[in-house]
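Enquirer: Below is the file work-v9.txt, with compact mmCIF, C-alpha atoms.
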# COMPACT_ATOMS: atom_id res chain seq x y z
CA MET Z 1 1.30 -89.05 -25.63
CA SER Z 2 -0.01 -92.22 -27.18
CA GLY Z 3 1.09 -94.96 -29.53
CA LYS Z 4 3.84 -97.55 -29.47
CA ARG Z 5 6.56 -96.99 -26.88
CA ASN Z 6 9.87 -96.01 -28.50
CA LYS Z 7 12.61 -98.53 -27.76
CA ASN Z 8 14.94 -95.66 -26.85
CA SER Z 9 12.53 -94.01 -24.43
CA TYR Z 10 11.49 -94.75 -20.91
CA ASP Z 11 8.34 -93.89 -18.97
CA ARG Z 12 8.37 -91.04 -16.50
CA PRO Z 13 5.33 -89.32 -15.04
CA SER Z 14 4.47 -86.18 -17.04
CA ALA Z 15 7.79 -86.41 -18.91
CA GLN Z 16 8.50 -85.74 -22.54
CA PRO Z 17 9.92 -88.62 -24.60
CA TYR Z 18 13.57 -89.37 -23.95
CA ILE Z 19 15.15 -90.43 -27.24
CA ALA Z 20 18.71 -91.60 -26.84
CA PHE Z 21 21.35 -90.52 -29.32
CA THR Z 22 22.72 -93.86 -30.52
CA GLU Z 23 25.99 -94.94 -32.06
CA GLU Z 24 24.05 -95.69 -35.27
CA MET Z 25 22.87 -92.07 -35.37
CA ARG Z 26 26.42 -90.78 -34.94
CA ASP Z 27 27.82 -93.11 -37.59
CA SER Z 28 25.06 -92.26 -40.07
CA GLY Z 29 26.03 -88.59 -40.09
CA TYR Z 30 23.58 -86.89 -37.70
CA THR Z 31 24.36 -83.19 -37.25
CA LEU Z 32 24.58 -82.02 -33.64
CA LEU Z 33 23.30 -78.45 -33.08
CA VAL Z 34 24.67 -76.39 -30.19
CA PRO Z 35 23.33 -72.99 -29.03
CA ASN Z 36 25.95 -70.25 -28.89
CA MET Z 37 26.54 -69.06 -25.33
CA LEU Z 38 30.26 -68.24 -25.43
CA PRO Z 39 31.48 -67.68 -29.00
CA MET Z 40 35.21 -68.28 -28.46
CA GLN Z 41 35.00 -71.01 -25.83
CA PHE Z 42 32.26 -72.93 -27.65
CA LYS Z 43 34.09 -72.76 -31.00
CA LEU Z 44 37.07 -74.43 -29.34
CA ILE Z 45 34.89 -77.06 -27.64
CA ILE Z 46 33.09 -77.82 -30.89
CA GLN Z 47 36.36 -78.23 -32.76
CA VAL Z 48 37.47 -80.76 -30.14
CA LEU Z 49 34.31 -82.78 -30.85
CA ARG Z 50 34.68 -82.45 -34.62
CA ASN Z 51 38.18 -83.86 -34.37
CA ARG Z 52 36.67 -86.85 -32.56
CA GLY Z 53 34.35 -87.61 -35.46
CA TYR Z 54 31.20 -85.68 -34.55
CA LYS Z 55 29.40 -83.59 -37.16
CA ILE Z 56 28.47 -80.51 -35.18
CA ASP Z 57 27.34 -76.92 -35.83
CA LEU Z 58 27.32 -73.88 -33.55
CA MET Z 59 24.12 -71.87 -34.04
CA GLU Z 60 24.97 -68.18 -34.42
CA THR Z 61 21.59 -66.92 -35.67
CA GLN Z 62 20.53 -63.50 -34.41
CA GLY Z 63 17.45 -61.31 -34.61
CA PRO Z 64 14.03 -60.85 -32.98
CA HIS Z 65 12.61 -63.86 -34.83
CA ILE Z 66 14.52 -66.16 -32.46
CA ALA Z 67 12.60 -64.96 -29.40
CA GLU Z 68 9.35 -64.91 -31.41
CA THR Z 69 9.87 -68.54 -32.39
CA GLY Z 70 10.59 -69.49 -28.79
CA LEU Z 71 7.44 -67.76 -27.58
CA ARG Z 72 5.33 -69.86 -29.95
CA TYR Z 73 6.38 -73.03 -28.17
CA VAL Z 74 7.32 -71.92 -24.63
CA HIS Z 75 5.16 -70.08 -22.09
CA ASN Z 76 6.04 -66.38 -21.98
CA ASP Z 77 6.68 -66.58 -18.21
CA THR Z 78 9.53 -69.01 -18.86
CA CYS Z 79 13.11 -67.91 -18.29
CA TYR Z 80 14.33 -65.74 -21.17
CA PRO Z 81 17.42 -67.90 -21.91
CA ALA Z 82 15.11 -70.91 -22.32
CA ILE Z 83 12.94 -68.97 -24.77
CA LEU Z 84 16.01 -68.00 -26.80
CA VAL Z 85 17.72 -71.39 -26.80
CA ILE Z 86 14.53 -73.28 -27.67
CA GLY Z 87 13.64 -70.65 -30.27
CA GLN Z 88 17.10 -70.99 -31.81
CA PHE Z 89 16.79 -74.78 -31.98
CA ILE Z 90 13.32 -74.77 -33.56
CA ASP Z 91 14.26 -71.97 -35.94
CA ALA Z 92 17.16 -74.13 -37.16
CA LEU Z 93 14.86 -77.13 -37.65
CA GLN Z 94 12.37 -75.01 -39.59
CA SER Z 95 15.00 -73.19 -41.66
CA GLY Z 96 15.49 -75.89 -44.29
CA ARG Z 97 19.24 -75.94 -43.66
CA TYR Z 98 19.00 -79.33 -41.97
CA ASP Z 99 17.13 -82.59 -42.39
CA PRO Z 100 15.18 -82.78 -39.09
CA HIS Z 101 15.42 -86.59 -39.26
CA LYS Z 102 19.22 -86.37 -39.25
CA VAL Z 103 19.68 -83.84 -36.45
CA ALA Z 104 20.22 -84.04 -32.69
CA LEU Z 105 20.21 -81.12 -30.24
CA VAL Z 106 22.83 -80.64 -27.52
CA LEU Z 107 22.08 -78.73 -24.32
CA ALA Z 108 24.39 -78.39 -21.32
CA GLN Z 109 23.22 -79.37 -17.83
CA THR Z 110 24.97 -79.06 -14.48
CA GLY Z 111 22.32 -80.94 -12.53
CA GLY Z 112 21.39 -78.02 -10.26
CA GLY Z 113 18.30 -75.87 -10.08
CA CYS Z 114 16.68 -73.61 -12.68
CA ARG Z 115 18.02 -73.82 -16.23
CA ALA Z 116 20.61 -76.38 -15.20
CA SER Z 117 17.97 -79.11 -15.03
CA ASN Z 118 14.67 -77.94 -16.48
CA TYR Z 119 15.56 -76.82 -20.00
CA ILE Z 120 15.77 -80.36 -21.36
CA SER Z 121 12.17 -81.07 -20.39
CA LEU Z 122 11.00 -77.69 -21.73
CA LEU Z 123 12.84 -78.29 -25.00
CA ARG Z 124 11.37 -81.76 -25.49
CA LYS Z 125 7.88 -80.45 -24.80
CA ALA Z 126 8.39 -77.65 -27.34
CA LEU Z 127 9.70 -80.11 -29.95
CA VAL Z 128 6.59 -82.26 -29.61
CA LYS Z 129 4.39 -79.16 -29.99
CA ALA Z 130 6.34 -78.06 -33.09
CA GLY Z 131 6.11 -81.52 -34.68
CA TYR Z 132 9.71 -82.57 -34.02
CA GLY Z 133 9.17 -84.97 -31.12
CA TYR Z 134 11.41 -87.53 -32.83
CA VAL Z 135 14.52 -85.32 -32.63
CA PRO Z 136 17.00 -86.55 -29.98
CA VAL Z 137 18.02 -84.10 -27.26
CA ILE Z 138 21.42 -84.80 -25.76
CA SER Z 139 22.05 -83.79 -22.17
CA PHE Z 140 25.64 -82.49 -22.17
CA SER Z 141 26.59 -83.33 -18.60
CA VAL Z 142 29.75 -84.49 -16.89
CA ALA Z 143 27.51 -86.01 -14.20
CA GLY Z 144 25.92 -88.35 -16.76
CA ILE Z 145 22.33 -87.28 -16.07
CA GLU Z 146 21.14 -89.22 -19.12
CA LYS Z 147 22.67 -91.99 -21.22
CA HIS Z 148 23.42 -91.36 -24.89
CA PRO Z 149 25.52 -94.21 -26.32
CA GLY Z 150 26.47 -92.17 -29.40
CA PHE Z 151 27.76 -89.22 -27.38
CA LYS Z 152 30.39 -90.10 -24.82
CA LEU Z 153 32.58 -87.64 -22.95
CA THR Z 154 35.80 -89.58 -22.43
CA LEU Z 155 38.60 -88.28 -20.22
CA PRO Z 156 40.80 -87.20 -23.20
CA ILE Z 157 37.83 -85.27 -24.63
CA LEU Z 158 37.06 -83.61 -21.28
CA ILE Z 159 40.71 -82.60 -20.81
CA ARG Z 160 40.82 -81.03 -24.27
CA MET Z 161 37.50 -79.28 -23.63
CA PHE Z 162 38.79 -77.81 -20.37
CA PHE Z 163 41.97 -76.61 -22.06
CA GLY Z 164 39.74 -75.13 -24.78
CA ILE Z 165 37.85 -73.20 -22.10
CA ILE Z 166 41.14 -71.92 -20.66
CA TYR Z 167 42.20 -70.73 -24.11
CA GLY Z 168 38.74 -69.25 -24.77
CA ASP Z 169 38.72 -67.31 -21.51
CA LEU Z 170 42.18 -65.92 -22.26
CA LEU Z 171 41.28 -64.94 -25.82
CA MET Z 172 38.03 -63.28 -24.66
CA SER Z 173 39.91 -61.28 -22.03
CA LEU Z 174 42.69 -60.22 -24.40
CA VAL Z 175 40.26 -59.16 -27.11
CA ASN Z 176 38.36 -57.04 -24.58
CA GLN Z 177 41.62 -55.46 -23.36
CA THR Z 178 42.92 -54.78 -26.87
CA GLU Z 179 39.94 -53.80 -29.06
CA PRO Z 180 39.35 -50.35 -27.52
CA TYR Z 181 42.93 -49.33 -28.30
CA GLU Z 182 43.88 -51.12 -31.56
CA ALA Z 183 45.10 -48.95 -34.44
CA VAL Z 184 43.38 -51.10 -37.05
CA PRO Z 185 39.83 -52.09 -35.99
CA GLY Z 186 39.23 -55.84 -36.11
CA THR Z 187 42.87 -56.87 -35.61
CA ALA Z 188 42.35 -58.38 -32.15
CA GLN Z 189 39.25 -60.32 -33.17
CA ALA Z 190 40.97 -61.64 -36.30
CA LEU Z 191 43.87 -62.89 -34.18
CA ALA Z 192 41.46 -64.57 -31.75
CA ASP Z 193 39.61 -66.22 -34.66
CA ARG Z 194 42.90 -67.56 -35.99
CA TYR Z 195 43.77 -69.06 -32.63
CA THR Z 196 40.37 -70.71 -32.19
CA LYS Z 197 41.11 -72.63 -35.39
CA GLU Z 198 44.72 -73.49 -34.57
CA LEU Z 199 44.71 -74.40 -30.87
CA VAL Z 200 42.68 -77.60 -31.07
CA GLU Z 201 44.81 -78.82 -34.00
CA CYS Z 202 47.82 -78.06 -31.82
CA MET Z 203 46.41 -80.22 -29.00
CA ASP Z 204 45.79 -83.11 -31.38
CA ARG Z 205 49.20 -82.76 -33.02
CA ASP Z 206 51.38 -82.15 -29.96
CA GLY Z 207 49.24 -83.72 -27.24
CA ALA Z 208 47.06 -82.16 -24.55
CA SER Z 209 49.24 -81.33 -21.58
CA PHE Z 210 49.27 -78.38 -19.23
CA PRO Z 211 52.90 -77.42 -19.94
CA LYS Z 212 51.96 -77.09 -23.63
CA VAL Z 213 48.93 -74.99 -22.65
CA LYS Z 214 51.21 -72.61 -20.73
CA LYS Z 215 53.60 -72.44 -23.68
CA ASN Z 216 50.73 -71.58 -26.04
CA CYS Z 217 49.35 -69.00 -23.60
CA LYS Z 218 52.74 -67.24 -23.56
CA LYS Z 219 52.68 -67.07 -27.37
CA ILE Z 220 49.08 -65.77 -27.34
CA LEU Z 221 50.07 -63.03 -24.88
CA SER Z 222 53.02 -62.02 -27.05
CA ASP Z 223 50.95 -61.91 -30.23
CA PHE Z 224 48.27 -59.73 -28.64
CA ALA Z 225 50.88 -57.43 -27.10
CA ALA Z 226 52.35 -56.97 -30.58
CA ILE Z 227 49.09 -55.57 -31.99
CA GLU Z 228 49.61 -51.95 -32.98
CA ARG Z 229 47.77 -49.50 -30.73
CA ARG Z 230 46.61 -45.98 -31.40
CA PRO Z 231 49.20 -43.43 -30.29
CA ASN Z 232 48.33 -41.59 -27.08
CA ALA Z 233 45.19 -43.68 -26.53
CA HIS Z 234 43.72 -42.95 -23.10
CA ARG Z 235 42.59 -45.75 -20.82
CA LYS Z 236 38.89 -46.30 -21.35
CA VAL Z 237 36.35 -46.50 -18.56
CA ARG Z 238 36.23 -50.16 -17.56
CA VAL Z 239 32.81 -51.79 -17.21
CA GLY Z 240 32.45 -55.21 -15.62
CA VAL Z 241 29.77 -57.63 -16.77
CA VAL Z 242 28.27 -60.21 -14.39
CA GLY Z 243 24.95 -62.01 -14.11
CA GLU Z 244 23.07 -65.12 -15.21
CA ILE Z 245 25.53 -67.21 -17.17
CA TYR Z 246 23.68 -67.18 -20.50
CA VAL Z 247 22.81 -63.49 -20.73
CA LYS Z 248 26.20 -62.60 -19.28
CA PHE Z 249 28.05 -64.24 -22.17
CA SER Z 250 25.68 -64.75 -25.10
CA PRO Z 251 25.54 -61.98 -27.73
CA LEU Z 252 22.00 -63.16 -28.54
CA GLY Z 253 20.99 -63.04 -24.89
CA ASN Z 254 22.44 -59.61 -24.03
CA ASN Z 255 21.92 -57.81 -27.36
CA ASN Z 256 25.66 -57.74 -28.11
CA LEU Z 257 26.49 -56.00 -24.83
CA SER Z 258 30.28 -56.18 -25.30
CA GLN Z 259 30.02 -54.51 -28.70
CA PHE Z 260 27.69 -51.83 -27.30
CA LEU Z 261 30.18 -51.00 -24.54
CA LEU Z 262 33.02 -50.88 -27.08
CA ASP Z 263 31.02 -48.61 -29.40
CA ASN Z 264 30.31 -46.27 -26.50
CA GLY Z 265 33.90 -45.81 -25.48
CA ALA Z 266 34.23 -48.38 -22.71
CA GLU Z 267 36.39 -51.44 -22.07
CA ALA Z 268 34.38 -54.54 -21.13
CA VAL Z 269 35.73 -56.71 -18.30
CA ILE Z 270 34.07 -60.13 -18.19
CA PRO Z 271 35.07 -62.88 -15.73
CA GLY Z 272 35.54 -66.15 -17.60
CA LEU Z 273 33.85 -69.54 -17.68
CA VAL Z 274 36.58 -71.22 -15.63
CA ASP Z 275 35.31 -69.39 -12.53
CA PHE Z 276 31.81 -70.80 -13.06
CA ILE Z 277 33.22 -74.33 -13.39
CA LEU Z 278 35.18 -73.89 -10.17
CA TYR Z 279 32.06 -72.44 -8.51
CA CYS Z 280 30.14 -75.62 -9.38
CA ILE Z 281 32.93 -77.84 -8.01
CA TYR Z 282 33.24 -75.78 -4.82
CA ASN Z 283 29.50 -76.14 -4.24
CA ASN Z 284 29.93 -79.92 -4.14
CA LEU Z 285 32.52 -79.46 -1.41
CA MET Z 286 30.20 -77.12 0.52
CA ASP Z 287 27.33 -79.64 0.24
CA HIS Z 288 29.54 -82.08 2.13
CA GLU Z 289 30.69 -79.59 4.75
CA LEU Z 290 27.25 -78.04 5.37
CA TYR Z 291 24.94 -81.02 4.90
CA GLY Z 292 27.14 -84.13 4.95
CA ALA Z 293 26.27 -84.85 1.32
CA GLY Z 294 28.60 -86.34 -1.25
CA GLY Z 295 29.86 -89.44 0.53
CA TRP Z 296 32.38 -91.30 -1.60
CA SER Z 297 32.44 -88.55 -4.26
CA TYR Z 298 33.71 -85.87 -1.85
CA PRO Z 299 37.42 -86.90 -2.02
CA ILE Z 300 37.20 -86.92 -5.83
CA TRP Z 301 35.73 -83.42 -5.99
CA LYS Z 302 38.31 -82.24 -3.48
CA ALA Z 303 41.15 -83.61 -5.61
CA VAL Z 304 39.68 -82.03 -8.76
CA TRP Z 305 39.33 -78.71 -6.92
CA LYS Z 306 42.92 -78.84 -5.71
CA TYR Z 307 44.25 -79.64 -9.20
CA LEU Z 308 42.20 -77.05 -11.11
CA THR Z 309 42.80 -74.19 -8.67
CA ALA Z 310 46.54 -74.92 -8.76
CA LYS Z 311 46.49 -74.72 -12.56
CA GLN Z 312 44.46 -71.51 -12.43
CA ARG Z 313 47.09 -69.95 -10.14
CA GLU Z 314 49.86 -71.02 -12.54
CA LEU Z 315 48.14 -69.31 -15.48
CA ILE Z 316 47.45 -66.17 -13.46
CA ALA Z 317 51.12 -66.06 -12.43
CA LEU Z 318 52.10 -66.43 -16.10
CA ILE Z 319 49.92 -63.47 -17.14
CA ARG Z 320 51.15 -61.34 -14.25
CA GLU Z 321 54.77 -62.20 -15.05
CA ASP Z 322 54.20 -61.11 -18.65
CA GLY Z 323 52.94 -57.81 -17.20
CA ARG Z 324 51.19 -56.42 -20.28
CA PHE Z 325 47.62 -57.49 -19.55
CA ASP Z 326 45.37 -57.74 -16.49
CA ALA Z 327 45.08 -61.26 -15.12
CA PRO Z 328 42.00 -63.01 -13.68
CA THR Z 329 41.59 -63.33 -9.92
CA PRO Z 330 42.28 -66.66 -8.15
CA ILE Z 331 38.97 -68.24 -7.16
CA GLU Z 332 40.13 -68.52 -3.53
CA GLU Z 333 40.48 -64.73 -3.40
CA THR Z 334 37.03 -64.27 -4.94
CA ILE Z 335 35.55 -66.59 -2.30
CA ALA Z 336 37.25 -64.69 0.51
CA LEU Z 337 35.76 -61.41 -0.74
CA ILE Z 338 32.14 -62.63 -0.56
CA GLN Z 339 32.27 -64.74 2.61
CA LYS Z 340 31.74 -61.78 4.92
CA HIS Z 341 28.61 -60.75 2.98
CA MET Z 342 26.67 -64.01 2.50
CA SER Z 343 26.63 -67.74 3.19
CA MET Z 344 28.46 -70.04 0.81
CA GLY Z 345 25.42 -72.30 0.95
CA ILE Z 346 23.54 -69.88 -1.33
CA LYS Z 347 24.18 -71.61 -4.64
CA MET Z 348 20.95 -71.69 -6.66
CA GLY Z 349 21.67 -70.47 -10.17
CA GLU Z 350 24.80 -68.31 -10.06
CA GLY Z 351 24.35 -67.94 -6.29
CA TRP Z 352 27.22 -66.46 -4.32
CA LEU Z 353 29.41 -66.23 -7.43
CA LEU Z 354 27.38 -63.34 -8.86
CA PRO Z 355 28.05 -60.80 -6.06
CA ALA Z 356 31.51 -62.31 -5.57
CA GLU Z 357 32.40 -61.33 -9.13
CA MET Z 358 31.09 -57.82 -8.44
CA LEU Z 359 33.51 -57.57 -5.52
CA GLU Z 360 36.31 -59.13 -7.55
CA LEU Z 361 35.85 -56.49 -10.26
CA TYR Z 362 35.58 -53.63 -7.76
CA THR Z 363 38.64 -54.73 -5.79
CA HIS Z 364 40.74 -54.75 -8.95
CA GLY Z 365 39.68 -51.30 -10.12
CA THR Z 366 36.52 -51.92 -12.16
CA LYS Z 367 33.96 -49.92 -10.20
CA ASN Z 368 31.32 -49.77 -12.97
CA ILE Z 369 29.38 -53.02 -13.22
CA VAL Z 370 26.46 -54.24 -15.33
CA CYS Z 371 24.43 -57.04 -13.73
CA THR Z 372 22.66 -58.87 -16.57
CA GLN Z 373 19.65 -60.94 -15.59
CA PRO Z 374 16.60 -62.52 -17.17
CA PHE Z 375 13.47 -60.70 -16.02
CA GLY Z 376 11.85 -62.66 -13.19
CA CYS Z 377 14.92 -64.85 -12.53
CA LEU Z 378 14.55 -65.45 -8.78
CA PRO Z 379 18.15 -66.47 -7.95
CA ASN Z 380 19.54 -63.51 -9.89
CA HIS Z 381 17.13 -61.04 -8.30
CA ILE Z 382 18.15 -62.27 -4.86
CA CYS Z 383 21.90 -62.63 -5.43
CA GLY Z 384 22.14 -59.83 -7.98
CA LYS Z 385 19.66 -57.04 -7.27
CA GLY Z 386 19.24 -58.16 -3.67
CA MET Z 387 22.96 -57.73 -2.97
CA MET Z 388 23.36 -54.38 -4.69
CA LYS Z 389 22.32 -52.29 -1.65
CA PRO Z 390 24.58 -54.14 0.84
CA LEU Z 391 27.51 -53.79 -1.55
CA ARG Z 392 26.79 -50.08 -2.10
CA ASP Z 393 26.59 -49.58 1.66
CA ALA Z 394 29.98 -51.25 2.07
CA TYR Z 395 31.56 -49.61 -1.00
CA PRO Z 396 29.82 -46.26 -1.70
CA ASP Z 397 31.74 -45.59 -4.92
CA ILE Z 398 30.67 -48.81 -6.64
CA ASN Z 399 28.48 -48.09 -9.69
CA ILE Z 400 26.16 -51.05 -10.39
CA VAL Z 401 23.23 -51.15 -12.79
CA ALA Z 402 20.91 -54.15 -13.15
CA ILE Z 403 19.65 -54.72 -16.70
CA ASP Z 404 16.69 -57.04 -17.25
CA TYR Z 405 16.64 -59.05 -20.47
CA ASP Z 406 13.32 -60.46 -21.59
CA ALA Z 407 11.28 -61.01 -24.74
CA GLY Z 408 9.08 -58.07 -23.65
CA ALA Z 409 11.96 -55.71 -22.80
CA THR Z 410 12.98 -53.11 -25.37
CA ARG Z 411 16.56 -52.79 -26.49
CA VAL Z 412 16.24 -48.99 -26.44
CA ASN Z 413 15.34 -49.04 -22.75
CA GLN Z 414 18.27 -51.34 -21.95
CA GLU Z 415 20.73 -49.19 -23.87
CA ASN Z 416 19.46 -45.96 -22.32
CA ARG Z 417 20.08 -47.38 -18.85
CA LEU Z 418 23.55 -48.46 -19.92
CA LYS Z 419 24.25 -44.97 -21.27
CA LEU Z 420 23.17 -43.49 -17.93
CA MET Z 421 25.57 -45.83 -16.13
CA LEU Z 422 28.35 -44.78 -18.51
CA ALA Z 423 27.48 -41.12 -17.91
CA ASN Z 424 27.86 -41.72 -14.17
CA ALA Z 425 31.17 -43.42 -14.85
CA LYS Z 426 32.28 -40.46 -16.96
CA GLY Z 427 31.64 -38.22 -13.99
CA ASP Z 428 34.34 -40.16 -12.18
CA ARG Z 429 36.63 -40.68 -15.18
CA THR Z 430 36.94 -38.50 -18.27
CA SER Z 431 38.64 -40.99 -20.58
CA ILE Z 432 35.60 -42.01 -22.62
CA GLU Z 433 36.36 -40.95 -26.15
Take the structure in the file and write it out as structure tokens.

Expert:
Amino acid sequence: MSGKRNKNSYDRPSAQPYIAFTEEMRDSGYTLLVPNMLPMQFKLIIQVLRNRGYKIDLMETQGPHIAETGLRYVHNDTCYPAILVIGQFIDALQSGRYDPHKVALVLAQTGGGCRASNYISLLRKALVKAGYGYVPVISFSVAGIEKHPGFKLTLPILIRMFFGIIYGDLLMSLVNQTEPYEAVPGTAQALADRYTKELVECMDRDGASFPKVKKNCKKILSDFAAIERRPNAHRKVRVGVVGEIYVKFSPLGNNNLSQFLLDNGAEAVIPGLVDFILYCIYNNLMDHELYGAGGWSYPIWKAVWKYLTAKQRELIALIREDGRFDAPTPIEETIALIQKHMSMGIKMGEGWLLPAEMLELYTHGTKNIVCTQPFGCLPNHICGKGMMKPLRDAYPDINIVAIDYDAGATRVNQENRLKLMLANAKGDRTSIE
């Protein structure tokens, strides 16, 4: 890289240019683009930001051209989610829908290994190669990994975002529990879409407080329970979905896995994003206990953990008291399930959470599990595939299939393996219609 040093960049060895997103950019109407990992949760988060004055779009583009675009600017050995996310960004810049000089890209970071830290650098390198090196890339991080004066996550925004994630997890779960049995196809999704538009407005109008969240969750439960169901509908075979966080949730990343399971007579069971957030917080506590790390921040993380787990238990109790839908599992119970199988210090990527969610699903009656993973993802192959044999030895009736997702993998092959898993499940249960 040569030429005059940008006033918003700083020098780092072998680094791509860091261009800060400034207040002037925000005020001049820059559009922020966000890749779609969790449709319901991200729609709620984005609406929170829109109501705070940001112009922001969720990218919902699909199709093989996304991966093809990513492969033009990212090495084909790179993690599949990186290829998709970068391909989706560059496709948007090349589409003509946006002025590239009035756009900034937003990518989440947790500050850990793998995609949590390296995607920003990969994305900036790809932008330079594609001729968009001037486009700002915003690191969406609670830890404040980079400074972007025009994009600030204040405490009121973070609280509303977290409540949005709670709502999104609940809506995702209720849609999955209702769609296979609804009398009029599309009713559950339409109700969820309505709530994703209304809930953020409700927070802004009535204030963002946990008692109001509980009140809204009760109403959501009642509305979903009121959806008309097909008479004499048998309980479908339940299939849990775990894995690398992007391909686990993203319809682009997993070739619309939830819809495929629905179309093939199964009920998808997907642990929510709240568990991953709690996993990240718990790892900070374990860093202190195992390695003495954290120092002054340890009491803060401990207080956050105590508060969030208490609120999770309250919501679970609310769902169980309602009695019409299955509730999530408290994170403390999930931790207890995995502790006898592996160390809690194994936290690269999804780490111990991945097999812990397998055990959580199994313990609560979902014995058929799809482990979604990017081909060549080392943490997922260790904590996903590597834990499948020990779990099968301990629980012989667990039915786990690992599905690799990659730009070179064929959808037909993936779906055939899923059909085989469903056939095995049908041998145990005969309720697939």

Enquirer: Determine the nearest neighbour of Z:Pro39 from the options Z:Val85, Z:Ile66, Z:Leu252, Z:Val103, counting only C-alpha atoms.

Expert: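 Distance minimum relative to Z:Pro39 lands on Z:Leu252.
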
Enquirer: Env of Z:Met172: 12 Å cut, atoms = all atoms listed in the file, seq-sep filter 4 positions within chain, self excluded. Answer as a PyMOL selection string.

Expert: chain Z and resi 38-42+164-168+176-179+188-189+191-193+195-196+220+224+249+258+268-273+328

Enquirer: What is the distance between atom CA of Z:Thr334 and atom CA of Z:Lys306, in Å to one decimal?

Expert: 15.7 Å

Enquirer: May I ask which of the residues Z:Val274, Z:Val128, Z:Cys217, Z:Val74 is the closest one to Z:Phe162, counting only C-alpha atoms?

Expert: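 Looking at the shortest contact to Z:Phe162, the residue is Z:Val274.
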
Enquirer: Residues within 12 Å of stretch 93-97 of chain Z, please, as a VMD selection string. Count all atoms listed in the file; anything in the same chain fewer than 3 positions from it doesn't count.

Expert: chain Z and resid 31 to 33 57 59 61 65 to 66 69 86 to 90 100 to 105 127 130 to 135

Enquirer: From the list Z:Thr154, Z:Gln312, Z:Ile338, Z:Gly323, which residue is nearest Z:Lys214 when using all atoms listed in the file?

Expert: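 Closest to Z:Lys214, using all atoms listed in the file: Z:Gln312.
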
Enquirer: Using all atoms listed in the file, can you tell me which of Z:Gly150, Z:Pro180, Z:Gly243, Z:Pro35 comes closest to Z:Pro374?

Expert: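 Between Z:Gly150, Z:Pro180, Z:Gly243, Z:Pro35, the residue approaching Z:Pro374 most closely is Z:Gly243.
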
Enquirer: May I ask which of the residues Z:Glu68, Z:Thr366, Z:Leu170, Z:His148 is the closest one to Z:Lys219, counting all atoms listed in the file?

Expert: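 Ranking Z:Glu68, Z:Thr366, Z:Leu170, Z:His148 by distance to Z:Lys219, first place goes to Z:Leu170.
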
Enquirer: Quick one, how far is atom CA of Z:Asn51 from atom CA of Z:Asp206?

Expert: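 Distance between the two atoms: 14.0 Å.
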
Enquirer: Need to verify the contact set: Z:Tyr405, 7 Å, all atoms listed in the file, exclusion of same-chain residues closer than 2 positions in sequence. Can you return it as a PDB file with C-alpha atoms, keeping the file's coordinate frame?

Expert:
ATOM      1  CA  ASN Z 254      22.440 -59.610 -24.030  1.00  0.00           C
ATOM      2  CA  GLN Z 373      19.650 -60.940 -15.590  1.00  0.00           C
ATOM      3  CA  PRO Z 374      16.600 -62.520 -17.170  1.00  0.00           C
ATOM      4  CA  PHE Z 375      13.470 -60.700 -16.020  1.00  0.00           C
ATOM      5  CA  ILE Z 403      19.650 -54.720 -16.700  1.00  0.00           C
ATOM      6  CA  ALA Z 409      11.960 -55.710 -22.800  1.00  0.00           C
TER       7      ALA Z 409
END

Enquirer: Find the spatial neighbours of stretch 416-418 of chain Z, counting only C-alpha atoms, within a cut-off of 9 Å - ignore same-chain residues fewer than 6 positions away - and output them as a tab-separated table (two decimals) with C-alpha atoms, in the coordinates of the input.

Expert:
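And here's result20.tsv as it stands now:
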chain	number	residue	atom	x	y	z
Z	261	LEU	CA	30.18	-51.00	-24.54
Z	370	VAL	CA	26.46	-54.24	-15.33
Z	401	VAL	CA	23.23	-51.15	-12.79
Z	402	ALA	CA	20.91	-54.15	-13.15
Z	403	ILE	CA	19.65	-54.72	-16.70

Enquirer: Excluding stretch 279-296 of chain Z and residues on its chain fewer than 2 positions from it, collect all residues at most 12 Å away from it, counting only C-alpha atoms, and give them as a PyMOL selection string.

Expert: chain Z and resi 109-113+116+142-143+272-277+298-309+330-332+334-335+343-354+356-357

Enquirer: Can you tell me how far atom CA of Z:Pro355 sits from atom CA of Z:Lys385, in Å to one decimal?

Expert: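 Those two atoms sit 9.3 Å apart.
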
Enquirer: Calculated over only C-alpha atoms, which of the candidates Z:Leu158, Z:Ile245, Z:Val48, Z:Met25 has the smallest distance to Z:Pro379?

Expert: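 Of the candidates, the smallest distance to Z:Pro379 is held by Z:Ile245.
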
Enquirer: May I ask you to restore N, CA and C atoms in stretch 280-284 of chain Z and write the result as a PDB file, in the frame of the given file?

Expert:
ATOM      1  N   CYS Z 280      30.948 -74.399  -9.444  1.00  0.00           N
ATOM      2  CA  CYS Z 280      30.140 -75.620  -9.380  1.00  0.00           C
ATOM      3  C   CYS Z 280      30.849 -76.710  -8.571  1.00  0.00           C
ATOM      4  N   ILE Z 281      32.174 -76.828  -8.758  1.00  0.00           N
ATOM      5  CA  ILE Z 281      32.930 -77.840  -8.010  1.00  0.00           C
ATOM      6  C   ILE Z 281      32.961 -77.478  -6.527  1.00  0.00           C
ATOM      7  N   TYR Z 282      33.197 -76.215  -6.219  1.00  0.00           N
ATOM      8  CA  TYR Z 282      33.240 -75.780  -4.820  1.00  0.00           C
ATOM      9  C   TYR Z 282      31.913 -76.040  -4.113  1.00  0.00           C
ATOM     10  N   ASN Z 283      30.809 -75.896  -4.843  1.00  0.00           N
ATOM     11  CA  ASN Z 283      29.500 -76.140  -4.240  1.00  0.00           C
ATOM     12  C   ASN Z 283      29.338 -77.596  -3.818  1.00  0.00           C
ATOM     13  N   ASN Z 284      29.951 -78.516  -4.557  1.00  0.00           N
ATOM     14  CA  ASN Z 284      29.930 -79.920  -4.140  1.00  0.00           C
ATOM     15  C   ASN Z 284      30.681 -80.110  -2.824  1.00  0.00           C
TER      16      ASN Z 284
END
